[in-house]
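Okay, coords14.pdb now, which holds PDB, C-alpha atoms:
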```
ATOM      1  CA  MET L   1     101.019 -56.667  41.306
ATOM      2  CA  GLU L   2      98.889 -53.601  40.795
ATOM      3  CA  GLY L   3      95.753 -52.373  39.179
ATOM      4  CA  LEU L   4      92.957 -54.448  40.667
ATOM      5  CA  LEU L   5      91.613 -51.349  42.378
ATOM      6  CA  VAL L   6      91.606 -49.045  39.371
ATOM      7  CA  PRO L   7      88.570 -49.757  37.204
ATOM      8  CA  VAL L   8      85.933 -50.423  39.852
ATOM      9  CA  ASN L   9      83.562 -48.165  41.707
ATOM     10  CA  GLY L  10      83.913 -46.722  45.172
ATOM     11  CA  GLU L  11      81.774 -49.305  46.903
ATOM     12  CA  ARG L  12      83.776 -52.207  45.513
ATOM     13  CA  LEU L  13      86.989 -50.422  46.417
ATOM     14  CA  GLN L  14      85.772 -50.138  49.988
ATOM     15  CA  VAL L  15      84.865 -53.828  50.097
ATOM     16  CA  ALA L  16      88.318 -54.811  48.806
ATOM     17  CA  LEU L  17      90.025 -52.530  51.309
ATOM     18  CA  THR L  18      87.820 -53.757  54.157
ATOM     19  CA  ASP L  19      88.605 -57.399  53.379
ATOM     20  CA  ALA L  20      92.321 -56.682  53.190
ATOM     21  CA  ALA L  21      92.174 -54.657  56.416
ATOM     22  CA  ALA L  22      90.566 -57.627  58.135
ATOM     23  CA  GLU L  23      93.556 -59.761  57.114
ATOM     24  CA  VAL L  24      95.997 -57.181  58.459
ATOM     25  CA  ALA L  25      93.956 -56.913  61.669
ATOM     26  CA  ASP L  26      94.069 -60.715  62.036
ATOM     27  CA  ARG L  27      97.842 -60.627  61.763
ATOM     28  CA  VAL L  28      98.097 -57.891  64.385
ATOM     29  CA  LEU L  29      95.623 -59.762  66.594
ATOM     30  CA  ASP L  30      97.675 -62.955  66.359
ATOM     31  CA  ALA L  31     100.754 -60.984  67.356
ATOM     32  CA  VAL L  32      98.957 -59.312  70.298
ATOM     33  CA  ASP L  33      97.502 -62.604  71.531
ATOM     34  CA  GLY L  34     100.497 -64.783  70.719
ATOM     35  CA  THR L  35     104.181 -64.579  70.079
ATOM     36  CA  GLN L  36     104.458 -64.406  66.308
ATOM     37  CA  ASP L  37     105.464 -61.429  64.172
ATOM     38  CA  ILE L  38     102.876 -59.479  62.200
ATOM     39  CA  GLY L  39     104.667 -60.180  58.937
ATOM     40  CA  LEU L  40     103.346 -57.136  57.094
ATOM     41  CA  ALA L  41     106.056 -57.343  54.452
ATOM     42  CA  ASP L  42     105.254 -60.991  53.816
ATOM     43  CA  TYR L  43     101.544 -60.164  53.486
ATOM     44  CA  VAL L  44     102.059 -57.279  51.065
ATOM     45  CA  ASN L  45     104.770 -58.900  48.963
ATOM     46  CA  THR L  46     103.079 -62.261  48.509
ATOM     47  CA  GLY L  47      99.520 -61.069  47.908
ATOM     48  CA  ALA L  48      97.880 -60.667  44.542
ATOM     49  CA  ASP L  49      97.139 -56.981  44.941
ATOM     50  CA  ALA L  50      99.917 -55.024  46.596
ATOM     51  CA  LYS L  51      98.084 -51.724  46.289
ATOM     52  CA  THR L  52      95.032 -52.948  48.192
ATOM     53  CA  ALA L  53      97.301 -54.498  50.809
ATOM     54  CA  LEU L  54      99.131 -51.201  51.289
ATOM     55  CA  GLY L  55      95.785 -49.392  51.534
ATOM     56  CA  ALA L  56      94.789 -51.847  54.241
ATOM     57  CA  VAL L  57      97.987 -51.092  56.136
ATOM     58  CA  ARG L  58      97.145 -47.376  55.948
ATOM     59  CA  LEU L  59      93.620 -48.169  57.180
ATOM     60  CA  ILE L  60      94.762 -50.196  60.192
ATOM     61  CA  GLY L  61      97.317 -47.467  60.794
ATOM     62  CA  ALA L  62      98.840 -47.107  64.241
ATOM     63  CA  ASP L  63      97.368 -50.420  65.384
ATOM     64  CA  VAL L  64     100.167 -52.226  63.532
ATOM     65  CA  PHE L  65     102.405 -50.976  66.338
ATOM     66  CA  ALA L  66     100.188 -52.487  69.050
ATOM     67  CA  PRO L  67     102.458 -55.537  69.692
ATOM     68  CA  HIS L  68     105.406 -53.150  70.045
ATOM     69  CA  LEU L  69     103.654 -50.736  72.382
ATOM     70  CA  LEU L  70     101.729 -53.284  74.453
ATOM     71  CA  LEU L  71     104.259 -56.108  74.619
ATOM     72  CA  GLY L  72     107.587 -54.516  73.798
ATOM     73  CA  ARG L  73     108.063 -56.528  70.616
ATOM     74  CA  PRO L  74     110.528 -55.051  68.124
ATOM     75  CA  VAL L  75     109.239 -53.625  64.850
ATOM     76  CA  HIS L  76     110.799 -55.515  61.964
ATOM     77  CA  PRO L  77     112.567 -53.222  59.478
ATOM     78  CA  ASP L  78     110.672 -54.802  56.572
ATOM     79  CA  ASP L  79     107.364 -54.071  58.302
ATOM     80  CA  ALA L  80     108.440 -50.480  58.937
ATOM     81  CA  ALA L  81     109.328 -50.175  55.270
ATOM     82  CA  VAL L  82     105.884 -51.443  54.276
ATOM     83  CA  ILE L  83     104.225 -48.835  56.496
ATOM     84  CA  ALA L  84     106.299 -46.108  54.847
ATOM     85  CA  HIS L  85     105.413 -47.505  51.419
ATOM     86  CA  SER L  86     101.723 -47.315  52.312
ATOM     87  CA  PHE L  87     102.123 -43.549  52.676
ATOM     88  CA  ALA L  88     103.858 -43.385  49.307
ATOM     89  CA  VAL L  89     101.094 -45.238  47.476
ATOM     90  CA  PHE L  90      98.245 -43.606  49.422
ATOM     91  CA  PRO L  91      99.709 -40.170  50.131
ATOM     92  CA  PRO L  92      97.970 -38.075  52.792
ATOM     93  CA  ALA L  93      95.886 -35.112  51.690
ATOM     94  CA  GLY L  94      97.649 -31.798  52.089
ATOM     95  CA  GLN L  95      94.866 -29.814  53.692
ATOM     96  CA  ALA L  96      92.712 -30.965  56.600
ATOM     97  CA  ALA L  97      89.789 -28.567  56.280
ATOM     98  CA  THR L  98      86.796 -30.768  57.049
ATOM     99  CA  PRO L  99      86.280 -32.823  60.242
ATOM    100  CA  ARG L 100      86.639 -35.971  58.145
ATOM    101  CA  GLN L 101      90.013 -34.834  56.807
ATOM    102  CA  GLN L 102      91.051 -33.814  60.311
ATOM    103  CA  VAL L 103      90.302 -37.293  61.679
ATOM    104  CA  VAL L 104      92.320 -38.852  58.850
ATOM    105  CA  ALA L 105      95.193 -36.435  59.500
ATOM    106  CA  TRP L 106      95.327 -37.408  63.174
ATOM    107  CA  ARG L 107      95.307 -41.105  62.366
ATOM    108  CA  ASP L 108      98.118 -40.534  59.858
ATOM    109  CA  TRP L 109     100.026 -38.535  62.436
ATOM    110  CA  ALA L 110      99.813 -41.410  64.929
ATOM    111  CA  THR L 111     101.121 -43.917  62.382
ATOM    112  CA  SER L 112     103.921 -41.680  61.152
ATOM    113  CA  HIS L 113     104.879 -40.643  64.690
ATOM    114  CA  LEU L 114     105.273 -44.273  65.753
ATOM    115  CA  LEU L 115     107.056 -45.122  62.500
ATOM    116  CA  ALA L 116     109.590 -42.372  63.168
ATOM    117  CA  ARG L 117     110.258 -43.845  66.616
ATOM    118  CA  THR L 118     111.422 -47.108  65.074
ATOM    119  CA  GLY L 119     114.420 -45.277  63.694
ATOM    120  CA  GLN L 120     113.967 -46.874  60.329
ATOM    121  CA  PRO L 121     114.725 -44.757  57.278
ATOM    122  CA  ALA L 122     111.637 -43.799  55.309
ATOM    123  CA  PRO L 123     112.055 -45.463  51.911
ATOM    124  CA  ALA L 124     109.217 -43.407  50.552
ATOM    125  CA  GLY L 125     111.106 -40.186  51.177
ATOM    126  CA  PRO L 126     110.888 -37.640  53.961
ATOM    127  CA  ASP L 127     108.216 -35.549  52.228
ATOM    128  CA  VAL L 128     105.669 -38.353  51.951
ATOM    129  CA  VAL L 129     105.333 -39.488  55.545
ATOM    130  CA  PRO L 130     103.608 -36.713  57.504
ATOM    131  CA  THR L 131     105.497 -35.485  60.557
ATOM    132  CA  ALA L 132     103.811 -32.216  61.599
ATOM    133  CA  VAL L 133     101.390 -32.389  64.521
ATOM    134  CA  PRO L 134      97.896 -31.371  63.340
ATOM    135  CA  GLN L 135      96.447 -28.344  65.106
ATOM    136  CA  THR L 136      92.847 -29.512  65.125
ATOM    137  CA  ALA L 137      92.404 -31.327  68.452
ATOM    138  CA  THR L 138      90.273 -28.520  69.891
ATOM    139  CA  ALA L 139      88.184 -28.284  66.741
ATOM    140  CA  LEU L 140      87.389 -31.999  66.934
ATOM    141  CA  LEU L 141      87.106 -32.549  70.683
ATOM    142  CA  GLY L 142      86.800 -29.104  72.178
ATOM    143  CA  PRO L 143      83.940 -27.660  74.205
ATOM    144  CA  GLY L 144      80.659 -27.034  72.454
ATOM    145  CA  LYS L 145      80.315 -30.502  70.997
ATOM    146  CA  SER L 146      77.371 -32.652  72.001
ATOM    147  CA  TRP L 147      78.318 -35.903  73.700
ATOM    148  CA  GLN L 148      76.988 -37.805  70.684
ATOM    149  CA  GLU L 149      79.262 -35.938  68.300
ATOM    150  CA  TRP L 150      82.184 -36.011  70.723
ATOM    151  CA  SER L 151      81.984 -39.748  71.310
ATOM    152  CA  ALA L 152      81.566 -40.498  67.599
ATOM    153  CA  THR L 153      84.776 -38.572  66.904
ATOM    154  CA  ALA L 154      86.510 -40.389  69.768
ATOM    155  CA  ALA L 155      85.509 -43.705  68.190
ATOM    156  CA  GLN L 156      86.897 -42.609  64.826
ATOM    157  CA  LEU L 157      90.178 -41.736  66.545
ATOM    158  CA  SER L 158      90.425 -45.029  68.446
ATOM    159  CA  PRO L 159      93.692 -46.140  66.738
ATOM    160  CA  LEU L 160      95.313 -43.380  68.792
ATOM    161  CA  ALA L 161      94.263 -45.181  71.991
ATOM    162  CA  LEU L 162      97.623 -46.860  72.432
ATOM    163  CA  PRO L 163      99.967 -46.625  75.411
ATOM    164  CA  GLY L 164     102.916 -44.307  74.999
ATOM    165  CA  LEU L 165     101.594 -42.449  71.975
ATOM    166  CA  GLY L 166     100.370 -39.360  73.817
ATOM    167  CA  GLY L 167      99.642 -36.126  71.996
ATOM    168  CA  PRO L 168      96.805 -33.593  72.045
ATOM    169  CA  ILE L 169      94.057 -36.115  71.219
ATOM    170  CA  ALA L 170      94.956 -38.364  74.150
ATOM    171  CA  ALA L 171      95.154 -35.254  76.332
ATOM    172  CA  ALA L 172      91.629 -34.257  75.270
ATOM    173  CA  MET L 173      90.365 -37.706  76.262
ATOM    174  CA  PHE L 174      91.487 -37.150  79.833
ATOM    175  CA  ASP L 175      88.649 -34.624  80.199
ATOM    176  CA  GLY L 176      86.140 -36.828  78.402
ATOM    177  CA  ALA L 177      85.147 -39.460  80.953
ATOM    178  CA  ARG L 178      81.485 -38.471  80.757
ATOM    179  CA  PRO L 179      80.979 -38.377  76.958
ATOM    180  CA  LEU L 180      83.062 -41.556  76.639
ATOM    181  CA  ALA L 181      80.761 -43.306  79.104
ATOM    182  CA  GLN L 182      77.645 -41.899  77.428
ATOM    183  CA  GLY L 183      78.832 -42.911  73.975
ATOM    184  CA  ALA L 184      79.853 -46.401  75.090
ATOM    185  CA  THR L 185      76.529 -46.907  76.868
ATOM    186  CA  GLN L 186      74.553 -45.760  73.844
ATOM    187  CA  ALA L 187      76.576 -48.004  71.536
ATOM    188  CA  MET L 188      76.104 -51.010  73.820
ATOM    189  CA  LEU L 189      72.354 -50.435  74.007
ATOM    190  CA  ARG L 190      72.168 -50.167  70.220
ATOM    191  CA  ARG L 191      74.312 -53.300  69.907
ATOM    192  CA  ASP L 192      76.730 -51.217  67.895
ATOM    193  CA  PHE L 193      79.642 -53.258  69.187
ATOM    194  CA  VAL L 194      82.120 -51.782  66.709
ATOM    195  CA  THR L 195      81.639 -48.276  68.074
ATOM    196  CA  ALA L 196      81.437 -49.554  71.638
ATOM    197  CA  ALA L 197      84.745 -51.428  71.378
ATOM    198  CA  ARG L 198      86.483 -48.365  69.981
ATOM    199  CA  LEU L 199      85.260 -46.223  72.860
ATOM    200  CA  ILE L 200      86.133 -48.944  75.357
ATOM    201  CA  ARG L 201      89.728 -48.733  74.108
ATOM    202  CA  TRP L 202      89.886 -45.118  75.259
ATOM    203  CA  ILE L 203      88.224 -45.968  78.569
ATOM    204  CA  ALA L 204      90.698 -48.816  79.073
ATOM    205  CA  LEU L 205      93.668 -46.601  78.211
ATOM    206  CA  LEU L 206      92.563 -43.905  80.652
ATOM    207  CA  SER L 207      91.714 -46.461  83.312
ATOM    208  CA  SER L 208      95.143 -48.086  82.948
ATOM    209  CA  SER L 209      96.654 -44.620  83.370
ATOM    210  CA  GLY L 210      94.904 -44.244  86.722
ATOM    211  CA  VAL L 211      92.140 -41.918  85.520
ATOM    212  CA  ARG L 212      88.878 -42.837  87.201
ATOM    213  CA  GLN L 213      86.208 -43.826  84.680
ATOM    214  CA  LEU L 214      82.433 -43.991  85.001
ATOM    215  CA  LEU L 215      82.208 -47.456  83.429
ATOM    216  CA  ASP L 216      84.192 -50.613  84.109
ATOM    217  CA  PRO L 217      85.933 -51.327  80.776
ATOM    218  CA  GLY L 218      86.714 -54.924  81.761
ATOM    219  CA  LEU L 219      83.028 -55.744  82.138
ATOM    220  CA  LEU L 220      82.265 -54.121  78.792
ATOM    221  CA  VAL L 221      84.966 -56.161  77.050
ATOM    222  CA  GLU L 222      83.586 -59.350  78.580
ATOM    223  CA  ARG L 223      80.040 -58.449  77.567
ATOM    224  CA  ILE L 224      80.893 -57.824  73.918
ATOM    225  CA  ARG L 225      82.873 -61.064  73.810
ATOM    226  CA  LEU L 226      79.837 -62.901  75.181
ATOM    227  CA  TYR L 227      77.261 -61.139  73.029
ATOM    228  CA  GLY L 228      78.645 -61.967  69.649
ATOM    229  CA  GLY L 229      81.192 -59.299  69.048
ATOM    230  CA  THR L 230      82.806 -60.694  65.926
ATOM    231  CA  GLY L 231      84.966 -59.409  63.128
ATOM    232  CA  SER L 232      88.713 -59.014  62.864
ATOM    233  CA  ARG L 233      88.945 -55.317  63.636
ATOM    234  CA  LEU L 234      86.440 -55.536  66.480
ATOM    235  CA  SER L 235      88.404 -58.448  67.941
ATOM    236  CA  LEU L 236      91.598 -56.419  67.655
ATOM    237  CA  ASP L 237      90.001 -53.468  69.486
ATOM    238  CA  LEU L 238      88.858 -55.807  72.255
ATOM    239  CA  ALA L 239      92.278 -57.484  72.439
ATOM    240  CA  ILE L 240      94.035 -54.125  72.755
ATOM    241  CA  ALA L 241      91.577 -52.994  75.445
ATOM    242  CA  GLY L 242      92.041 -56.326  77.238
ATOM    243  CA  ARG L 243      95.832 -56.015  77.146
ATOM    244  CA  LEU L 244      95.608 -52.484  78.505
ATOM    245  CA  LEU L 245      93.541 -53.840  81.401
ATOM    246  CA  GLY L 246      95.764 -56.848  82.003
ATOM    247  CA  MET L 247      93.057 -59.310  80.972
ATOM    248  CA  GLU L 248      93.773 -62.755  79.584
ATOM    249  CA  PRO L 249      93.409 -63.101  75.771
ATOM    250  CA  ALA L 250      90.001 -64.419  74.676
TER     251      ALA L 250
ATOM    252  CA  MET I   1     118.805 -57.188  59.270
ATOM    253  CA  SER I   2     118.405 -55.779  55.816
ATOM    254  CA  VAL I   3     115.341 -54.025  54.551
ATOM    255  CA  GLN I   4     113.649 -55.893  51.751
ATOM    256  CA  HIS I   5     113.266 -53.870  48.583
ATOM    257  CA  THR I   6     109.800 -54.179  47.104
ATOM    258  CA  PHE I   7     108.147 -53.156  43.901
ATOM    259  CA  LEU I   8     105.892 -50.197  44.655
ATOM    260  CA  PRO I   9     102.519 -49.980  42.920
ATOM    261  CA  ALA I  10     101.506 -46.726  41.295
ATOM    262  CA  VAL I  11     100.166 -43.951  43.496
ATOM    263  CA  ALA I  12      96.487 -44.473  44.260
ATOM    264  CA  ALA I  13      93.974 -42.634  42.121
ATOM    265  CA  ALA I  14      91.622 -40.054  43.620
ATOM    266  CA  GLU I  15      88.784 -42.578  43.788
ATOM    267  CA  GLU I  16      90.988 -45.022  45.669
ATOM    268  CA  GLN I  17      92.136 -42.311  48.058
ATOM    269  CA  SER I  18      88.525 -41.324  48.664
ATOM    270  CA  ALA I  19      87.497 -44.926  49.374
ATOM    271  CA  LEU I  20      90.292 -45.273  51.923
ATOM    272  CA  GLU I  21      89.447 -41.947  53.546
ATOM    273  CA  ALA I  22      85.797 -42.945  53.901
ATOM    274  CA  LEU I  23      86.808 -46.110  55.739
ATOM    275  CA  MET I  24      89.194 -44.209  57.997
ATOM    276  CA  VAL I  25      86.368 -42.059  59.383
ATOM    277  CA  GLU I  26      84.048 -44.950  60.222
ATOM    278  CA  PRO I  27      81.925 -45.384  62.223
ATOM    279  CA  GLU I  28      79.833 -42.316  61.471
ATOM    280  CA  ALA I  29      76.583 -43.875  62.641
ATOM    281  CA  GLY I  30      77.469 -43.201  66.281
ATOM    282  CA  VAL I  31      76.149 -39.662  65.885
ATOM    283  CA  SER I  32      72.632 -40.933  65.323
ATOM    284  CA  ASP I  33      70.255 -41.730  68.129
ATOM    285  CA  ALA I  34      68.244 -44.020  65.918
ATOM    286  CA  PRO I  35      68.189 -47.633  67.044
ATOM    287  CA  ARG I  36      70.239 -49.971  64.932
ATOM    288  CA  TYR I  37      68.348 -52.634  63.081
ATOM    289  CA  VAL I  38      68.916 -55.991  64.705
ATOM    290  CA  GLU I  39      67.564 -59.010  62.970
ATOM    291  CA  ILE I  40      65.446 -61.114  65.279
ATOM    292  CA  PRO I  41      66.141 -64.813  64.771
ATOM    293  CA  GLN I  42      63.092 -66.722  63.607
ATOM    294  CA  ALA I  43      61.152 -63.477  63.228
ATOM    295  CA  LEU I  44      59.483 -64.719  60.061
ATOM    296  CA  ALA I  45      58.391 -67.935  61.733
ATOM    297  CA  LEU I  46      56.917 -65.944  64.617
ATOM    298  CA  LEU I  47      55.046 -63.713  62.196
ATOM    299  CA  LYS I  48      53.608 -66.716  60.352
ATOM    300  CA  LEU I  49      52.460 -68.182  63.618
ATOM    301  CA  LYS I  50      50.714 -64.938  64.495
ATOM    302  CA  LEU I  51      49.010 -64.707  61.091
ATOM    303  CA  SER I  52      48.013 -68.332  60.882
ATOM    304  CA  PRO I  53      44.236 -69.003  60.818
ATOM    305  CA  PRO I  54      42.538 -69.978  64.061
ATOM    306  CA  LEU I  55      42.165 -73.612  64.850
ATOM    307  CA  PRO I  56      38.814 -75.129  63.767
ATOM    308  CA  LYS I  57      36.362 -75.479  66.601
ATOM    309  CA  GLU I  58      35.046 -78.885  67.431
ATOM    310  CA  PRO I  59      31.444 -79.312  66.312
ATOM    311  CA  LYS I  60      28.912 -79.284  69.139
ATOM    312  CA  HIS I  61      26.828 -82.390  69.468
TER     313      HIS I  61
END
```
Hey, can you dump this file as structure tokens for me?
Amino acid sequence: MEGLLVPVNGERLQVALTDAAAEVADRVLDAVDGTQDIGLADYVNTGADAKTALGAVRLIGADVFAPHLLLGRPVHPDDAAVIAHSFAVFPPAGQAATPRQQVVAWRDWATSHLLARTGQPAPAGPDVVPTAVPQTATALLGPGKSWQEWSATAAQLSPLALPGLGGPIAAAMFDGARPLAQGATQAMLRRDFVTAARLIRWIALLSSSGVRQLLDPGLLVERIRLYGGTGSRLSLDLAIAGRLLGMEPA
Amino acid sequence: MSVQHTFLPAVAAAEEQSALEALMVEPEAGVSDAPRYVEIPQALALLKLKLSPPLPKEPKH
């Protein structure tokens, strides 16, 4: 069940994790676009490499709750247990000193915050799943950042662009209509559809909350769908943005 | 509903943690203003066409 990750180099580890994350994203996408369960527990328990699968769950993070938050689907206790196990096998770093660590800490906070809402006991133990709210929102998205840097950070934090999550990062986005629009425009022009879709998620979330945006997120979603936006995680970002906007699944 | 009990793999090594962390902070390229490389379909065929020798002229009578 374990060990396939251990003796290989970092690049191969990333490839294995990316492939597994695509499978998890496909499961979430099917649940967002259809009626089936994600089946995280089934995926992790029946796969050849449980550790990679749990790493993929950590990587997809809060997005595994998208069917629950967007469509009101219940979170299966086995799936909640798998999410808690992913924190046990890939424990969060204690200190968040660098911007990279701060982004990771916020993504972990979103996952653990939503996990706690399910009311499921944490099989991994209360000390493993992070519960404290990071104090770095201003450092990451405060004044003084260029719009390029700001929008890149917003894209990295896109799993937090879910309805009902809230928190300081979402609050910071409410003042970021301009850098969000600039970043999304730049990404579209560069055909960097991955970054564009992540920023469009924020624009869609804010737009669905009644905050006027400089770009029409629905048109951007349609354009990426037309212009070859492919890949499991990109498709999931577009599906979440589309659901936020009340669009029909692709 | 009962929670399924699963066998937990060993805690990830530092290298595995680092690989996961690197993926969690993607995409970093958004900071750059440099244009992304986009492969042009049939670019090689176009280039060959441009480099091909000129057509032979018809001999004057």
Check what the PyMOL selection byres ((chain I and resi 23) around 12) selects in the file above and give those residues as an MDAnalysis selection string. (chainID L and resid 10:11 13:19 21 55:56 58:61 100:101 103:104 107 156) or (chainID I and resid 16:22 24:28)
Next, the residues of the selection above should be written as a compact mmCIF listing (two decimals), in the frame of the given file with C-alpha atoms.
```
# COMPACT_ATOMS: atom_id res chain seq x y z
CA GLY L 10 83.91 -46.72 45.17
CA GLU L 11 81.77 -49.30 46.90
CA LEU L 13 86.99 -50.42 46.42
CA GLN L 14 85.77 -50.14 49.99
CA VAL L 15 84.86 -53.83 50.10
CA ALA L 16 88.32 -54.81 48.81
CA LEU L 17 90.02 -52.53 51.31
CA THR L 18 87.82 -53.76 54.16
CA ASP L 19 88.60 -57.40 53.38
CA ALA L 21 92.17 -54.66 56.42
CA GLY L 55 95.78 -49.39 51.53
CA ALA L 56 94.79 -51.85 54.24
CA ARG L 58 97.14 -47.38 55.95
CA LEU L 59 93.62 -48.17 57.18
CA ILE L 60 94.76 -50.20 60.19
CA GLY L 61 97.32 -47.47 60.79
CA ARG L 100 86.64 -35.97 58.14
CA GLN L 101 90.01 -34.83 56.81
CA VAL L 103 90.30 -37.29 61.68
CA VAL L 104 92.32 -38.85 58.85
CA ARG L 107 95.31 -41.10 62.37
CA GLN L 156 86.90 -42.61 64.83
CA GLU I 16 90.99 -45.02 45.67
CA GLN I 17 92.14 -42.31 48.06
CA SER I 18 88.52 -41.32 48.66
CA ALA I 19 87.50 -44.93 49.37
CA LEU I 20 90.29 -45.27 51.92
CA GLU I 21 89.45 -41.95 53.55
CA ALA I 22 85.80 -42.94 53.90
CA MET I 24 89.19 -44.21 58.00
CA VAL I 25 86.37 -42.06 59.38
CA GLU I 26 84.05 -44.95 60.22
CA PRO I 27 81.92 -45.38 62.22
CA GLU I 28 79.83 -42.32 61.47
```
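When only C-alpha atoms are used to measure the gap to chain I, the shortest distance among L:Val133, L:Ala170, L:Ala196, L:Val24 belongs to L:Ala196.
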Kindly provide, as a PDB file with C-alpha atoms, keeping the file's coordinate frame, the residues of chain L having any atom no farther than 9 Å from an atom of chain I, counting only C-alpha atoms.
```
ATOM      1  CA  MET L   1     101.019 -56.667  41.306  1.00  0.00           C
ATOM      2  CA  GLU L   2      98.889 -53.601  40.795  1.00  0.00           C
ATOM      3  CA  GLY L   3      95.753 -52.373  39.179  1.00  0.00           C
ATOM      4  CA  LEU L   5      91.613 -51.349  42.378  1.00  0.00           C
ATOM      5  CA  VAL L   6      91.606 -49.045  39.371  1.00  0.00           C
ATOM      6  CA  ASN L   9      83.562 -48.165  41.707  1.00  0.00           C
ATOM      7  CA  GLY L  10      83.913 -46.722  45.172  1.00  0.00           C
ATOM      8  CA  GLU L  11      81.774 -49.305  46.903  1.00  0.00           C
ATOM      9  CA  LEU L  13      86.989 -50.422  46.417  1.00  0.00           C
ATOM     10  CA  GLN L  14      85.772 -50.138  49.988  1.00  0.00           C
ATOM     11  CA  LEU L  17      90.025 -52.530  51.309  1.00  0.00           C
ATOM     12  CA  THR L  18      87.820 -53.757  54.157  1.00  0.00           C
ATOM     13  CA  ALA L  41     106.056 -57.343  54.452  1.00  0.00           C
ATOM     14  CA  ASN L  45     104.770 -58.900  48.963  1.00  0.00           C
ATOM     15  CA  ALA L  50      99.917 -55.024  46.596  1.00  0.00           C
ATOM     16  CA  LYS L  51      98.084 -51.724  46.289  1.00  0.00           C
ATOM     17  CA  GLY L  55      95.785 -49.392  51.534  1.00  0.00           C
ATOM     18  CA  ALA L  56      94.789 -51.847  54.241  1.00  0.00           C
ATOM     19  CA  ARG L  58      97.145 -47.376  55.948  1.00  0.00           C
ATOM     20  CA  LEU L  59      93.620 -48.169  57.180  1.00  0.00           C
ATOM     21  CA  ILE L  60      94.762 -50.196  60.192  1.00  0.00           C
ATOM     22  CA  HIS L  76     110.799 -55.515  61.964  1.00  0.00           C
ATOM     23  CA  PRO L  77     112.567 -53.222  59.478  1.00  0.00           C
ATOM     24  CA  ASP L  78     110.672 -54.802  56.572  1.00  0.00           C
ATOM     25  CA  ASP L  79     107.364 -54.071  58.302  1.00  0.00           C
ATOM     26  CA  ALA L  80     108.440 -50.480  58.937  1.00  0.00           C
ATOM     27  CA  ALA L  81     109.328 -50.175  55.270  1.00  0.00           C
ATOM     28  CA  VAL L  82     105.884 -51.443  54.276  1.00  0.00           C
ATOM     29  CA  HIS L  85     105.413 -47.505  51.419  1.00  0.00           C
ATOM     30  CA  ALA L  88     103.858 -43.385  49.307  1.00  0.00           C
ATOM     31  CA  VAL L  89     101.094 -45.238  47.476  1.00  0.00           C
ATOM     32  CA  PHE L  90      98.245 -43.606  49.422  1.00  0.00           C
ATOM     33  CA  PRO L  91      99.709 -40.170  50.131  1.00  0.00           C
ATOM     34  CA  PRO L  92      97.970 -38.075  52.792  1.00  0.00           C
ATOM     35  CA  ALA L  93      95.886 -35.112  51.690  1.00  0.00           C
ATOM     36  CA  ARG L 100      86.639 -35.971  58.145  1.00  0.00           C
ATOM     37  CA  GLN L 101      90.013 -34.834  56.807  1.00  0.00           C
ATOM     38  CA  VAL L 103      90.302 -37.293  61.679  1.00  0.00           C
ATOM     39  CA  VAL L 104      92.320 -38.852  58.850  1.00  0.00           C
ATOM     40  CA  ARG L 107      95.307 -41.105  62.366  1.00  0.00           C
ATOM     41  CA  TRP L 147      78.318 -35.903  73.700  1.00  0.00           C
ATOM     42  CA  GLN L 148      76.988 -37.805  70.684  1.00  0.00           C
ATOM     43  CA  GLU L 149      79.262 -35.938  68.300  1.00  0.00           C
ATOM     44  CA  TRP L 150      82.184 -36.011  70.723  1.00  0.00           C
ATOM     45  CA  SER L 151      81.984 -39.748  71.310  1.00  0.00           C
ATOM     46  CA  ALA L 152      81.566 -40.498  67.599  1.00  0.00           C
ATOM     47  CA  THR L 153      84.776 -38.572  66.904  1.00  0.00           C
ATOM     48  CA  ALA L 155      85.509 -43.705  68.190  1.00  0.00           C
ATOM     49  CA  GLN L 156      86.897 -42.609  64.826  1.00  0.00           C
ATOM     50  CA  LEU L 157      90.178 -41.736  66.545  1.00  0.00           C
ATOM     51  CA  GLY L 183      78.832 -42.911  73.975  1.00  0.00           C
ATOM     52  CA  GLN L 186      74.553 -45.760  73.844  1.00  0.00           C
ATOM     53  CA  ALA L 187      76.576 -48.004  71.536  1.00  0.00           C
ATOM     54  CA  LEU L 189      72.354 -50.435  74.007  1.00  0.00           C
ATOM     55  CA  ARG L 190      72.168 -50.167  70.220  1.00  0.00           C
ATOM     56  CA  ARG L 191      74.312 -53.300  69.907  1.00  0.00           C
ATOM     57  CA  ASP L 192      76.730 -51.217  67.895  1.00  0.00           C
ATOM     58  CA  VAL L 194      82.120 -51.782  66.709  1.00  0.00           C
ATOM     59  CA  THR L 195      81.639 -48.276  68.074  1.00  0.00           C
TER      60      THR L 195
END
```
For stretch 198-203 of chain L, find every residue with an atom within 7 Å (counting all atoms listed in the file), except residues of its own chain fewer than 5 positions away, and show them as a PDB file with C-alpha atoms, in the coordinates of the input.
```pdb
ATOM      1  CA  ALA L 154      86.510 -40.389  69.768  1.00  0.00           C
ATOM      2  CA  ALA L 155      85.509 -43.705  68.190  1.00  0.00           C
ATOM      3  CA  SER L 158      90.425 -45.029  68.446  1.00  0.00           C
ATOM      4  CA  ALA L 161      94.263 -45.181  71.991  1.00  0.00           C
ATOM      5  CA  LEU L 180      83.062 -41.556  76.639  1.00  0.00           C
ATOM      6  CA  ALA L 184      79.853 -46.401  75.090  1.00  0.00           C
ATOM      7  CA  GLN L 213      86.208 -43.826  84.680  1.00  0.00           C
ATOM      8  CA  PRO L 217      85.933 -51.327  80.776  1.00  0.00           C
ATOM      9  CA  ASP L 237      90.001 -53.468  69.486  1.00  0.00           C
ATOM     10  CA  ALA L 241      91.577 -52.994  75.445  1.00  0.00           C
TER      11      ALA L 241
END
```
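Among the candidates L:Ser208, L:Ser86, L:Thr131, L:Thr111, the residue lying nearest to L:Ala53 is L:Ser86 (atoms considered: only C-alpha atoms).
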